[in-house]
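S.K.: Next up, work17.cif (mmCIF, C-alpha atoms and all ligand atoms).
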```cif
data_final
#
loop_
_atom_site.label_atom_id
_atom_site.label_comp_id
_atom_site.auth_asym_id
_atom_site.auth_seq_id
_atom_site.Cartn_x
_atom_site.Cartn_y
_atom_site.Cartn_z
CA MET A 1 19.20 13.83 -19.63
CA THR A 2 16.98 11.55 -21.66
CA ASP A 3 13.39 10.54 -21.16
CA ASP A 4 13.70 7.53 -23.46
CA LEU A 5 13.74 5.08 -20.55
CA LEU A 6 10.26 6.18 -19.47
CA ALA A 7 8.82 6.91 -22.92
CA PRO A 8 5.89 7.16 -23.74
CA TYR A 9 5.18 8.85 -20.40
CA ASP A 10 5.36 12.60 -19.66
CA ALA A 11 5.27 12.39 -15.86
CA VAL A 12 5.17 9.99 -12.93
CA LEU A 13 2.11 10.25 -10.66
CA LEU A 14 2.76 9.24 -7.06
CA THR A 15 -0.72 8.19 -5.93
CA SER A 16 -1.47 7.93 -2.22
CA PHE A 17 -4.19 7.68 0.40
CA GLY A 18 -3.81 11.06 2.10
CA GLY A 19 -4.10 11.99 5.75
CA PRO A 20 -4.81 15.03 7.93
CA GLU A 21 -2.05 17.51 8.77
CA GLY A 22 -3.74 19.34 11.64
CA PRO A 23 -6.58 18.93 14.17
CA ASP A 24 -9.14 20.71 11.97
CA GLU A 25 -8.49 18.33 9.09
CA VAL A 26 -9.17 15.12 11.03
CA LEU A 27 -12.96 14.98 10.85
CA PRO A 28 -13.29 16.09 7.20
CA PHE A 29 -10.64 13.49 6.30
CA LEU A 30 -12.45 10.71 8.17
CA ARG A 31 -15.78 11.69 6.57
CA ARG A 32 -14.20 11.52 3.12
CA VAL A 33 -12.63 8.10 3.77
CA THR A 34 -15.80 6.56 5.17
CA ALA A 35 -18.43 8.14 2.89
CA GLY A 36 -20.95 5.45 1.93
CA LYS A 37 -19.20 2.81 4.05
CA ASP A 38 -20.55 0.81 6.91
CA ILE A 39 -18.33 2.22 9.68
CA PRO A 40 -19.96 2.69 13.12
CA ASP A 41 -19.74 6.18 14.68
CA GLU A 42 -17.88 4.79 17.69
CA ARG A 43 -15.13 3.50 15.42
CA LEU A 44 -14.82 6.93 13.76
CA ALA A 45 -14.55 8.67 17.13
CA GLU A 46 -11.94 6.14 18.21
CA VAL A 47 -9.84 6.57 15.06
CA GLY A 48 -10.15 10.36 15.39
CA GLU A 49 -8.54 10.02 18.84
CA HIS A 50 -5.58 8.17 17.31
CA TYR A 51 -4.94 11.16 15.03
CA HIS A 52 -5.42 13.69 17.85
CA LEU A 53 -2.82 11.88 19.94
CA PHE A 54 -0.38 13.01 17.23
CA GLY A 55 -1.63 16.62 17.10
CA GLY A 56 -4.07 15.76 14.29
CA ARG A 57 -1.19 15.05 11.94
CA SER A 58 -0.68 11.76 10.10
CA PRO A 59 2.89 10.95 9.05
CA ILE A 60 1.71 9.79 5.63
CA ASN A 61 2.00 13.06 3.67
CA ASP A 62 5.51 13.77 4.93
CA GLN A 63 6.42 10.22 3.90
CA CYS A 64 5.04 10.95 0.43
CA ARG A 65 7.03 14.19 0.18
CA ALA A 66 10.18 12.27 1.12
CA LEU A 67 9.39 9.54 -1.41
CA GLN A 68 8.63 12.11 -4.12
CA SER A 69 12.08 13.70 -3.55
CA ALA A 70 13.85 10.35 -3.37
CA LEU A 71 12.19 9.13 -6.59
CA THR A 72 13.09 12.37 -8.33
CA ALA A 73 16.71 12.05 -7.20
CA GLU A 74 16.90 8.43 -8.41
CA LEU A 75 15.38 9.36 -11.79
CA ARG A 76 17.92 12.19 -12.20
CA ARG A 77 20.74 9.82 -11.20
CA ARG A 78 19.63 7.62 -14.12
CA GLY A 79 19.53 10.63 -16.41
CA ILE A 80 15.72 10.78 -16.58
CA ALA A 81 14.21 14.28 -16.46
CA LEU A 82 10.51 13.38 -15.95
CA PRO A 83 8.71 15.22 -13.14
CA VAL A 84 7.22 13.24 -10.23
CA LEU A 85 3.73 14.57 -9.50
CA TRP A 86 1.82 13.65 -6.35
CA GLY A 87 -1.90 13.29 -5.67
CA ASN A 88 -3.98 11.83 -2.82
CA ARG A 89 -7.37 10.19 -2.67
CA ASN A 90 -8.48 11.73 0.62
CA SER A 91 -6.53 14.91 1.37
CA GLU A 92 -4.60 17.69 -0.37
CA PRO A 93 -2.97 17.57 -2.82
CA PHE A 94 -6.05 15.89 -4.30
CA LEU A 95 -5.61 13.62 -7.34
CA ASP A 96 -8.25 15.62 -9.24
CA ASP A 97 -6.23 18.83 -8.88
CA THR A 98 -2.89 17.18 -9.70
CA VAL A 99 -4.31 15.60 -12.86
CA ALA A 100 -6.03 18.88 -13.89
CA GLN A 101 -2.70 20.70 -13.48
CA ALA A 102 -0.93 18.00 -15.52
CA ALA A 103 -3.49 18.56 -18.30
CA ARG A 104 -2.85 22.35 -18.22
CA ASP A 105 0.89 21.67 -18.35
CA GLY A 106 0.45 19.62 -21.51
CA GLN A 107 1.23 16.25 -19.91
CA ARG A 108 -0.80 13.66 -21.77
CA ARG A 109 0.44 10.32 -20.44
CA LEU A 110 1.02 9.74 -16.75
CA LEU A 111 2.51 6.66 -15.09
CA ALA A 112 0.89 6.09 -11.68
CA LEU A 113 2.70 4.50 -8.78
CA THR A 114 0.55 3.79 -5.71
CA THR A 115 1.86 3.72 -2.14
CA SER A 116 0.14 0.38 -1.76
CA ALA A 117 1.85 -2.84 -2.82
CA TYR A 118 -0.81 -5.57 -2.54
CA SER A 119 -3.90 -6.73 -4.44
CA SER A 120 -7.38 -6.11 -3.01
CA TYR A 121 -10.23 -3.67 -3.57
CA SER A 122 -8.89 -1.27 -0.89
CA SER A 123 -5.27 -1.52 -1.98
CA CYS A 124 -5.69 -1.58 -5.75
CA ARG A 125 -9.06 -1.11 -7.46
CA GLN A 126 -10.13 1.75 -5.19
CA TYR A 127 -7.05 3.68 -6.36
CA ARG A 128 -7.99 2.85 -9.97
CA GLU A 129 -11.52 4.19 -9.36
CA ASN A 130 -10.11 7.40 -7.94
CA LEU A 131 -7.83 7.75 -10.98
CA ALA A 132 -10.97 7.44 -13.15
CA ASP A 133 -12.63 10.16 -11.04
CA ALA A 134 -9.54 12.33 -11.45
CA VAL A 135 -9.44 12.17 -15.27
CA THR A 136 -13.22 12.69 -15.40
CA SER A 137 -13.57 15.67 -13.06
CA GLY A 138 -13.12 18.86 -15.00
CA HIS A 139 -12.98 17.03 -18.33
CA GLU A 140 -15.18 18.53 -21.03
CA ALA A 141 -15.91 17.23 -24.52
CA GLY A 142 -13.10 18.23 -26.86
CA ASP A 143 -10.50 18.62 -24.08
CA PRO A 144 -7.30 16.65 -24.59
CA VAL A 145 -7.31 13.36 -22.67
CA VAL A 146 -4.85 12.64 -19.88
CA GLN A 147 -4.19 8.92 -20.13
CA ILE A 148 -3.02 7.13 -16.98
CA ASP A 149 -1.29 3.75 -16.73
CA LYS A 150 -0.15 2.13 -13.50
CA VAL A 151 2.81 0.09 -12.26
CA ARG A 152 1.86 -3.52 -11.41
CA PRO A 153 1.13 -4.50 -7.78
CA TYR A 154 4.65 -4.82 -6.40
CA ALA A 155 4.34 -6.80 -3.14
CA HIS A 156 6.72 -9.40 -4.58
CA HIS A 157 9.06 -7.11 -6.47
CA PRO A 158 12.46 -7.50 -4.73
CA GLY A 159 12.77 -3.72 -4.23
CA PHE A 160 9.88 -4.07 -1.77
CA SER A 161 9.97 -7.70 -0.62
CA ALA A 162 13.73 -8.20 -0.26
CA THR A 163 14.07 -4.81 1.45
CA ASN A 164 11.47 -5.88 3.99
CA SER A 165 13.36 -9.13 4.45
CA ARG A 166 16.63 -7.27 5.09
CA LEU A 167 14.99 -4.96 7.63
CA VAL A 168 13.45 -7.92 9.46
CA THR A 169 16.74 -9.83 9.49
CA GLU A 170 18.57 -6.84 11.00
CA ALA A 171 15.93 -6.42 13.71
CA VAL A 172 15.99 -10.12 14.60
CA ARG A 173 19.79 -10.10 14.69
CA GLY A 174 19.53 -7.34 17.31
CA LEU A 175 16.99 -9.26 19.40
CA LEU A 176 19.14 -12.40 19.35
CA THR A 177 21.97 -10.59 21.14
CA GLU A 178 19.78 -10.56 24.26
CA HIS A 179 17.37 -13.47 23.84
CA GLU A 180 17.55 -17.18 23.04
CA ALA A 181 16.10 -18.02 19.62
CA GLY A 182 13.47 -20.25 21.26
CA GLN A 183 12.07 -17.23 23.10
CA VAL A 184 11.89 -14.93 20.09
CA ALA A 185 8.98 -14.75 17.63
CA LEU A 186 8.55 -12.86 14.38
CA VAL A 187 5.18 -11.31 13.58
CA THR A 188 4.50 -9.77 10.18
CA VAL A 189 1.54 -7.40 10.17
CA THR A 190 -0.77 -6.00 7.55
CA HIS A 191 -4.05 -4.08 7.36
CA SER A 192 -7.03 -6.34 8.00
CA ILE A 193 -9.80 -6.32 5.39
CA PRO A 194 -13.26 -7.94 5.41
CA ASP A 195 -13.17 -11.67 4.61
CA THR A 196 -15.42 -11.00 1.60
CA MET A 197 -12.91 -8.48 0.22
CA ASP A 198 -10.09 -11.00 0.59
CA GLU A 199 -12.14 -13.82 -0.95
CA THR A 200 -12.69 -11.71 -4.08
CA SER A 201 -9.15 -10.28 -4.27
CA GLY A 202 -7.17 -11.01 -7.42
CA PRO A 203 -8.19 -11.52 -11.06
CA GLY A 204 -11.90 -12.13 -11.62
CA ASP A 205 -11.30 -15.71 -12.83
CA SER A 206 -9.07 -16.72 -9.87
CA ASP A 207 -9.98 -18.42 -6.58
CA GLY A 208 -9.52 -15.15 -4.67
CA GLN A 209 -7.67 -14.71 -1.36
CA VAL A 210 -4.79 -13.21 -3.30
CA TYR A 211 -4.35 -10.43 -0.70
CA ARG A 212 -3.85 -12.95 2.08
CA ALA A 213 -1.71 -15.25 -0.09
CA GLN A 214 0.66 -12.43 -1.11
CA HIS A 215 1.30 -11.67 2.57
CA GLU A 216 1.64 -15.33 3.56
CA GLN A 217 4.11 -16.01 0.74
CA LEU A 218 6.25 -13.01 1.63
CA THR A 219 6.13 -13.95 5.32
CA ALA A 220 7.32 -17.51 4.52
CA ALA A 221 10.13 -16.15 2.31
CA ILE A 222 11.28 -13.79 5.08
CA GLU A 223 11.18 -16.65 7.60
CA ASP A 224 13.44 -18.71 5.29
CA GLU A 225 15.77 -15.77 4.76
CA VAL A 226 16.11 -15.18 8.52
CA GLN A 227 16.89 -18.86 8.98
CA ALA A 228 19.43 -18.92 6.14
CA THR A 229 21.14 -15.71 7.26
CA LEU A 230 21.08 -16.07 11.05
CA GLY A 231 20.90 -19.86 11.36
CA VAL A 232 17.85 -19.82 13.62
CA GLU A 233 14.33 -21.12 13.17
CA LEU A 234 11.91 -18.56 14.57
CA ARG A 235 8.23 -19.00 15.20
CA THR A 236 6.79 -16.73 12.48
CA ASP A 237 3.19 -15.70 11.85
CA LEU A 238 1.16 -13.18 9.89
CA ALA A 239 -1.22 -11.03 11.98
CA TYR A 240 -3.55 -8.13 11.18
CA CYS A 241 -4.19 -4.63 12.47
CA SER A 242 -6.66 -1.78 12.05
CA ARG A 243 -9.88 -3.73 11.75
CA SER A 244 -12.98 -1.57 11.45
CA GLY A 245 -16.62 -2.10 10.48
CA PRO A 246 -19.29 -3.69 12.68
CA PRO A 247 -18.14 -6.63 14.86
CA SER A 248 -20.73 -8.86 13.14
CA VAL A 249 -18.77 -8.65 9.87
CA PRO A 250 -15.78 -11.03 9.78
CA TRP A 251 -12.37 -9.52 8.93
CA LEU A 252 -9.00 -11.25 8.53
CA GLU A 253 -7.57 -12.50 11.83
CA PRO A 254 -5.73 -12.88 14.16
CA ASP A 255 -5.54 -9.33 15.41
CA VAL A 256 -1.95 -8.53 16.30
CA ASN A 257 -2.82 -7.89 19.97
CA ASP A 258 -4.59 -11.25 20.35
CA HIS A 259 -1.65 -12.90 18.65
CA LEU A 260 0.83 -11.34 21.08
CA ARG A 261 -1.24 -12.73 23.98
CA GLU A 262 -1.10 -16.19 22.43
CA LEU A 263 2.66 -15.96 21.94
CA ALA A 264 3.21 -14.87 25.54
CA ALA A 265 1.12 -17.81 26.74
CA LEU A 266 3.41 -20.10 24.74
CA GLY A 267 6.49 -18.78 26.54
CA VAL A 268 7.73 -16.27 23.96
CA ARG A 269 9.67 -13.40 25.60
CA ALA A 270 10.53 -11.10 22.69
CA VAL A 271 8.83 -10.17 19.42
CA ALA A 272 9.92 -8.47 16.21
CA VAL A 273 6.83 -6.87 14.70
CA ALA A 274 7.23 -6.13 10.98
CA PRO A 275 4.57 -4.01 9.17
CA ILE A 276 5.13 -5.65 5.76
CA GLY A 277 1.67 -4.51 4.62
CA PHE A 278 2.67 -0.82 4.63
CA VAL A 279 5.19 1.01 2.49
CA SER A 280 5.88 3.69 5.08
CA ASP A 281 4.92 4.83 8.58
CA HIS A 282 1.18 5.42 8.32
CA MET A 283 -1.11 6.04 11.28
CA GLU A 284 -1.78 2.28 11.39
CA VAL A 285 1.92 1.79 12.09
CA VAL A 286 2.63 4.67 14.49
CA TYR A 287 -0.61 4.17 16.45
CA ASP A 288 -1.88 0.61 15.99
CA LEU A 289 1.58 -0.91 16.33
CA ASP A 290 3.87 1.58 18.08
CA VAL A 291 1.28 2.62 20.67
CA GLU A 292 -1.38 -0.08 20.95
CA ALA A 293 0.50 -3.31 20.20
CA LYS A 294 3.51 -1.99 22.15
CA GLN A 295 1.26 -1.46 25.16
CA THR A 296 -0.11 -5.00 24.83
CA ALA A 297 3.46 -6.32 24.70
CA ASP A 298 4.40 -4.26 27.79
CA GLU A 299 1.46 -5.68 29.71
CA LEU A 300 2.58 -9.19 28.75
CA GLY A 301 6.21 -8.51 29.66
CA LEU A 302 7.29 -9.06 26.05
CA THR A 303 10.29 -7.22 24.61
CA PHE A 304 8.88 -5.40 21.56
CA VAL A 305 10.89 -4.34 18.53
CA ARG A 306 9.07 -2.71 15.64
CA VAL A 307 10.80 -3.32 12.33
CA PRO A 308 11.06 -0.17 10.12
CA THR A 309 8.87 0.18 7.02
CA VAL A 310 10.68 0.37 3.66
CA GLY A 311 9.99 4.15 3.51
CA VAL A 312 12.76 5.70 1.40
CA ALA A 313 15.33 2.90 1.79
CA PRO A 314 17.60 3.26 -1.28
CA GLU A 315 16.94 -0.25 -2.61
CA PHE A 316 13.17 0.30 -2.32
CA VAL A 317 13.34 3.62 -4.18
CA SER A 318 15.58 2.11 -6.82
CA GLY A 319 13.19 -0.88 -7.12
CA LEU A 320 10.29 1.51 -7.71
CA VAL A 321 12.19 3.22 -10.51
CA ASP A 322 12.97 -0.24 -11.97
CA LEU A 323 9.20 -0.85 -11.91
CA LEU A 324 8.56 2.46 -13.70
CA GLU A 325 11.09 1.46 -16.38
CA GLU A 326 9.54 -2.02 -16.63
CA ARG A 327 6.04 -0.54 -17.14
CA ALA A 328 7.30 1.92 -19.75
CA ALA A 329 9.07 -0.89 -21.66
CA GLU A 330 5.82 -2.86 -21.53
CA ALA A 331 3.91 0.16 -22.90
CA ARG A 332 6.44 0.26 -25.76
CA GLY A 333 5.72 -3.41 -26.46
CA GLU A 334 9.17 -4.63 -25.42
CA GLY A 335 8.19 -7.52 -23.10
CA PRO A 336 10.49 -6.66 -20.17
CA GLU A 337 11.38 -9.17 -17.47
CA ALA A 338 9.17 -8.86 -14.36
CA ARG A 339 11.43 -9.57 -11.39
CA GLN A 340 9.71 -11.37 -8.47
CA TRP A 341 10.84 -12.49 -5.04
CA PRO A 342 9.62 -14.86 -3.73
CA PRO A 343 9.11 -16.43 -7.16
CA SER A 344 5.47 -16.23 -8.21
CA ARG A 345 3.46 -15.13 -11.21
CA PRO A 346 3.50 -11.32 -11.29
CA MET A 347 0.16 -9.54 -11.19
CA PRO A 348 -0.34 -7.73 -14.50
CA ALA A 349 -0.05 -3.92 -14.70
CA VAL A 350 -3.32 -3.90 -16.63
CA CYS A 351 -5.77 -5.51 -14.21
CA ALA A 352 -7.88 -8.39 -15.47
CA PRO A 353 -11.63 -7.85 -15.89
CA GLY A 354 -13.39 -7.99 -12.52
CA CYS A 355 -10.09 -7.94 -10.62
CA CYS A 356 -10.59 -7.09 -6.90
CA PRO A 357 -14.20 -6.01 -7.50
CA ASN A 358 -16.05 -3.21 -5.76
CA LEU A 359 -18.65 -5.23 -3.83
CA ARG A 360 -20.91 -2.21 -3.19
CA ALA A 361 -21.33 -0.85 -6.71
CA ALA A 362 -19.51 -1.22 -10.02
CA ARG A 363 -17.70 2.06 -10.78
CA PRO A 364 -15.45 3.14 -13.64
CA ALA A 365 -11.77 2.34 -13.10
CA LEU A 366 -8.61 3.00 -15.11
CA CYS A 367 -5.65 0.67 -15.73
CA GLY A 368 -7.82 -2.38 -16.42
CA ALA A 369 -10.33 -3.75 -18.89
CA ALA A 370 -11.44 -1.22 -21.52
CA ASP A 371 -15.12 -1.70 -20.68
CA GLU A 372 -14.44 -0.72 -17.05
CA GLN A 373 -13.08 2.69 -18.10
CA PRO A 374 -15.33 5.74 -18.53
CA ASP A 375 -16.85 5.54 -22.05
CA TRP A 376 -15.52 8.92 -23.21
CA TYR A 377 -12.02 7.94 -22.03
CA THR A 378 -12.04 4.65 -23.94
CA ALA A 379 -13.32 6.46 -27.03
CA ALA A 380 -10.53 9.05 -26.83
CA ALA A 381 -7.61 7.07 -25.40
CA GLY A 382 -8.40 3.63 -26.78
CA GLY A 383 -8.35 0.32 -24.92
CA ALA A 384 -5.92 -0.40 -22.14
C1 LIG A 401 -6.02 -2.68 2.77
C2 LIG A 401 -6.01 -1.27 3.33
C3 LIG A 401 -4.94 -0.39 3.31
C4 LIG A 401 -3.56 -0.66 2.78
C5 LIG A 401 -3.43 -0.20 1.37
C6 LIG A 401 -3.18 1.29 1.25
O1 LIG A 401 -2.18 1.76 1.79
O2 LIG A 401 -4.00 1.97 0.62
C7 LIG A 401 -5.40 0.83 3.91
C8 LIG A 401 -4.62 1.98 4.05
C9 LIG A 401 -4.95 3.12 4.78
N1 LIG A 401 -6.08 3.34 5.50
C10 LIG A 401 -6.00 4.57 6.07
C11 LIG A 401 -6.98 5.15 6.88
C12 LIG A 401 -8.25 4.64 7.08
N2 LIG A 401 -8.76 3.46 6.58
C13 LIG A 401 -10.06 3.29 7.01
C14 LIG A 401 -10.91 2.23 6.71
C15 LIG A 401 -10.58 1.07 5.98
N3 LIG A 401 -9.33 0.72 5.49
C16 LIG A 401 -9.42 -0.48 4.82
C17 LIG A 401 -8.37 -1.15 4.18
C18 LIG A 401 -7.10 -0.60 3.94
N4 LIG A 401 -6.70 0.66 4.29
C19 LIG A 401 -10.77 -0.92 4.91
C20 LIG A 401 -11.29 -2.19 4.30
C21 LIG A 401 -11.48 0.03 5.63
C22 LIG A 401 -12.96 0.01 5.96
C23 LIG A 401 -13.69 0.98 5.08
C24 LIG A 401 -13.58 0.62 3.63
O3 LIG A 401 -14.17 -0.40 3.22
O4 LIG A 401 -12.90 1.35 2.92
C25 LIG A 401 -10.40 4.43 7.80
C26 LIG A 401 -11.75 4.67 8.43
C27 LIG A 401 -11.71 4.49 9.90
C28 LIG A 401 -11.41 3.06 10.28
O5 LIG A 401 -12.34 2.29 10.20
O6 LIG A 401 -10.27 2.76 10.57
C29 LIG A 401 -9.27 5.25 7.86
C30 LIG A 401 -9.12 6.55 8.61
C31 LIG A 401 -4.75 5.18 5.70
C32 LIG A 401 -4.24 6.56 6.12
C33 LIG A 401 -3.33 6.35 7.29
C34 LIG A 401 -2.72 7.62 7.77
O7 LIG A 401 -3.42 8.63 7.96
O8 LIG A 401 -1.49 7.61 8.03
C35 LIG A 401 -4.10 4.28 4.90
C36 LIG A 401 -2.76 4.43 4.24
FE FE A 402 -7.61 1.93 5.66
#
```
What would you get if you wrote out this structure as structure tokens?
Ligand SMILES: CC1=C(CCC(=O)O)c2cc3nc(cc4[nH]c(cc5[nH]c(cc1n2)c(C)c5CCC(=O)O)c(CCC(=O)O)c4C)C(CCC(=O)O)=C3C
Ligand SMILES: [Fe+2]
M.R.:
Amino acid sequence: MTDDLLAPYDAVLLTSFGGPEGPDEVLPFLRRVTAGKDIPDERLAEVGEHYHLFGGRSPINDQCRALQSALTAELRRRGIALPVLWGNRNSEPFLDDTVAQAARDGQRRLLALTTSAYSSYSSCRQYRENLADAVTSGHEAGDPVVQIDKVRPYAHHPGFSATNSRLVTEAVRGLLTEHEAGQVALVTVTHSIPDTMDETSGPGDSDGQVYRAQHEQLTAAIEDEVQATLGVELRTDLAYCSRSGPPSVPWLEPDVNDHLRELAALGVRAVAVAPIGFVSDHMEVVYDLDVEAKQTADELGLTFVRVPTVGVAPEFVSGLVDLLEERAAEARGEGPEARQWPPSRPMPAVCAPGCCPNLRAARPALCGAADEQPDWYTAAAGGA
């Protein structure tokens, strides 16, 4: 075993959203997620019902446990002995506790990997803010600093993007055994976000809409891949799920259910619905797609196939470990190649100043500009 491949890091930190694991945890979880946010009570009650339909248990933590084991196995296969720690933003094991334990164990440099592939406040900077909270909570003057770096947003790393493309192609191949290509449509789906959050997504000096563009580019690449592999041209669109917030606030559209109605009206008879916005089966996938969108499809007489999420697919797990190695090589100043598919400029692992801003209030964040970090952290750990 050698840890050279991931030097200078002492541990990997799988960083996730969290979710309830029993009926009593649902409300406290929802309160934590929505604290200080403009979410109507009716929406909270409605989302609570989604969780209760599954016994109050989200699949997300079990998915994280499976990913933690799979990552550990892939690291060991490559001869790397580093531990894979796990912390959540909104449920146990909390990031604060995981980072505090790492400090007690003498781990000084952690490499974070989020279970979120795209660039926006909700899918990137909010994790960086929670990492700042985690190093700050329990830190007292004179304590050793736990320094945290992060893997770059990986929506277009082939481990994620090409694995999604393969899963979609397999699902469409299945549908084509029973339906004519002209009657089949492909719908990629991601989490909706407010228009204002999309417009400000990406580096502070960019035109924004990076969140939407990343999904559109991957969708177009998958469409091409399906055509090249199966020899059919399928109607393909990106749609959104899980909108919340007051109806007066615009969020990215079309909603997947509205889109299915439009497809049915156009004569489509079968749909492959691919949750490319999610790395594993979250509640948004098992409820918003497998229950709600499936019911819409049933009402419309549409055959509905839900494409699997990448989850712990071997080429996804191996791609994530490639990303860990890439980030470590970058930290060592080696200038590693950043693989991308479809080809595009990779988002940097150290976020640009003002990247995906918090539109409510500026808060300290790690893994970005030095002046966005907590002052004591910058003083002790140096710039990013
Ligand atoms: C872009 C994005 C991702 C993808 C990136 C990533 O994966 O992180 C994501 C993931 C997730 N979102 C999740 C759950 C929730 N998100 C909510 C609310 C919100 N999400 C937003 C965006 C996103 N969310 C936004 C803009 C809001 C409005 C409030 C705000 O501005 O923050 C609410 C409140 C109720 C509601 O309104 O729905 C809940 C319960 C879970 C756990 C699922 C499980 O338990 O399996 C996961 C993985
Ligand atoms: Fe969410």
S.K.: What is the CA of Ser206 in chain A-CA of Ala155 in chain A distance in Å, reported with one decimal?
M.R.: 18.0 Å
S.K.: How many Å separate CA of Asp198 in chain A from CA of Phe160 in chain A?
M.R.: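 Distance between the two atoms: 21.3 Å.
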S.K.: Just want the residues within 9 Å of ligand FE 402 (chain A), written as a PDB file with C-alpha atoms, in the coordinates of the input, counting all atoms listed in the file.
M.R.:
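Writing done, so here's selection-v8.pdb:
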```
ATOM      1  CA  PHE A  17      -4.190   7.680   0.400  1.00  0.00           C
ATOM      2  CA  VAL A  33     -12.630   8.100   3.770  1.00  0.00           C
ATOM      3  CA  SER A 122      -8.890  -1.270  -0.890  1.00  0.00           C
ATOM      4  CA  SER A 123      -5.270  -1.520  -1.980  1.00  0.00           C
ATOM      5  CA  HIS A 191      -4.050  -4.080   7.360  1.00  0.00           C
ATOM      6  CA  SER A 192      -7.030  -6.340   8.000  1.00  0.00           C
ATOM      7  CA  ILE A 193      -9.800  -6.320   5.390  1.00  0.00           C
ATOM      8  CA  SER A 242      -6.660  -1.780  12.050  1.00  0.00           C
ATOM      9  CA  ARG A 243      -9.880  -3.730  11.750  1.00  0.00           C
ATOM     10  CA  SER A 244     -12.980  -1.570  11.450  1.00  0.00           C
ATOM     11  CA  GLU A 284      -1.780   2.280  11.390  1.00  0.00           C
TER      12      GLU A 284
END
```
S.K.: Distance cut-off 9 Å, centre (13.1, 0.1, 0.7) in file coordinates, counting only C-alpha atoms: which residues qualify? Return them as a ChimeraX atom specification.
M.R.: /A:159-164,167,279,309-320
S.K.: Please produce an output containing C-alpha atoms for each residue in the selection, written as a compact mmCIF listing (two decimals), in the frame of the given file.
M.R.:
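For reference, out30.txt as written:
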```txt
# COMPACT_ATOMS: atom_id res chain seq x y z
CA GLY A 159 12.77 -3.72 -4.23
CA PHE A 160 9.88 -4.07 -1.77
CA SER A 161 9.97 -7.70 -0.62
CA ALA A 162 13.73 -8.20 -0.26
CA THR A 163 14.07 -4.81 1.45
CA ASN A 164 11.47 -5.88 3.99
CA LEU A 167 14.99 -4.96 7.63
CA VAL A 279 5.19 1.01 2.49
CA THR A 309 8.87 0.18 7.02
CA VAL A 310 10.68 0.37 3.66
CA GLY A 311 9.99 4.15 3.51
CA VAL A 312 12.76 5.70 1.40
CA ALA A 313 15.33 2.90 1.79
CA PRO A 314 17.60 3.26 -1.28
CA GLU A 315 16.94 -0.25 -2.61
CA PHE A 316 13.17 0.30 -2.32
CA VAL A 317 13.34 3.62 -4.18
CA SER A 318 15.58 2.11 -6.82
CA GLY A 319 13.19 -0.88 -7.12
CA LEU A 320 10.29 1.51 -7.71
```
S.K.: What does the distance from CA of Asp255 in chain A to CA of Ala293 in chain A come to in Å, to one decimal?
M.R.: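 These two atoms are separated by 9.8 Å.
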S.K.: Give the answer as one residue: which of A:Asp258, A:Asp288, A:Asp38, A:Asp4 has the shortest atom-to-atom distance to ligand LIG 401 (chain A), using only C-alpha atoms and all ligand atoms?
M.R.: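 Among the listed residues, the smallest separation from ligand LIG 401 (chain A) belongs to A:Asp38.
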S.K.: Up to 8 Å from (6.2, -18.3, 23.4) in the file's coordinates: name the residues, counting only C-alpha atoms, as a ChimeraX atom specification.
M.R.: /A:182-185,262-269
S.K.: Selection from above, C-alpha atoms, as a PDB file, in the frame of the given file, can you write it?
M.R.:
```pdb
ATOM      1  CA  GLY A 182      13.470 -20.250  21.260  1.00  0.00           C
ATOM      2  CA  GLN A 183      12.070 -17.230  23.100  1.00  0.00           C
ATOM      3  CA  VAL A 184      11.890 -14.930  20.090  1.00  0.00           C
ATOM      4  CA  ALA A 185       8.980 -14.750  17.630  1.00  0.00           C
ATOM      5  CA  GLU A 262      -1.100 -16.190  22.430  1.00  0.00           C
ATOM      6  CA  LEU A 263       2.660 -15.960  21.940  1.00  0.00           C
ATOM      7  CA  ALA A 264       3.210 -14.870  25.540  1.00  0.00           C
ATOM      8  CA  ALA A 265       1.120 -17.810  26.740  1.00  0.00           C
ATOM      9  CA  LEU A 266       3.410 -20.100  24.740  1.00  0.00           C
ATOM     10  CA  GLY A 267       6.490 -18.780  26.540  1.00  0.00           C
ATOM     11  CA  VAL A 268       7.730 -16.270  23.960  1.00  0.00           C
ATOM     12  CA  ARG A 269       9.670 -13.400  25.600  1.00  0.00           C
TER      13      ARG A 269
END
```
S.K.: Please provide as number ranges by chain all residues within 6 Å of Thr188 in chain A, with the sequence filter that same-chain residues fewer than 2 positions apart are discarded (counting all atoms listed in the file).
M.R.: A: 238, 273-275
S.K.: Would you kindly return, as a list in words, each protein, DNA or RNA residue with an atom no farther than 10 Å from any atom of Pro342 in chain A, considering all atoms listed in the file and excluding same-chain residues fewer than 4 positions away?
M.R.: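 The residues satisfying every condition are Ala155, His156, His157, Pro158, Ser161, Ala162, Gln214, Gln217, Leu218, Thr219, Ala220, Ala221 and Ile222 of chain A.
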S.K.: Nearest residue to ligand LIG 401 (chain A) out of A:Leu75, A:Ala134, A:Ile148, A:Met197, using all atoms listed in the file?
M.R.: A:Met197
S.K.: For Gln126 in chain A, please output as a list in words all residues within 10 Å (counting only C-alpha atoms; exclusion window: fewer than 5 positions along the same chain).
M.R.: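 The neighbour list is Arg89, Ser120, Tyr121, Leu131, Ala132, Cys356, Pro357, Asn358, Arg363 and Ala365 of chain A.
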S.K.: Excluding Arg77 in chain A and any residue of its chain fewer than 4 positions from it, enumerate the residues within 12 Å of it, using only C-alpha atoms, and give them as a list in words.
M.R.: Met1, Thr2, Ala70, Leu71, Thr72, Ala73, Ala81, Leu82, Val317, Ser318 and Val321 of chain A
S.K.: Hey, which of A:Gly56, A:Pro343, A:Pro364, A:Pro8 ends up closest to ligand LIG 401 (chain A)? Count all atoms listed in the file.
M.R.: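 Smallest separation from ligand LIG 401 (chain A) among the options: A:Gly56.
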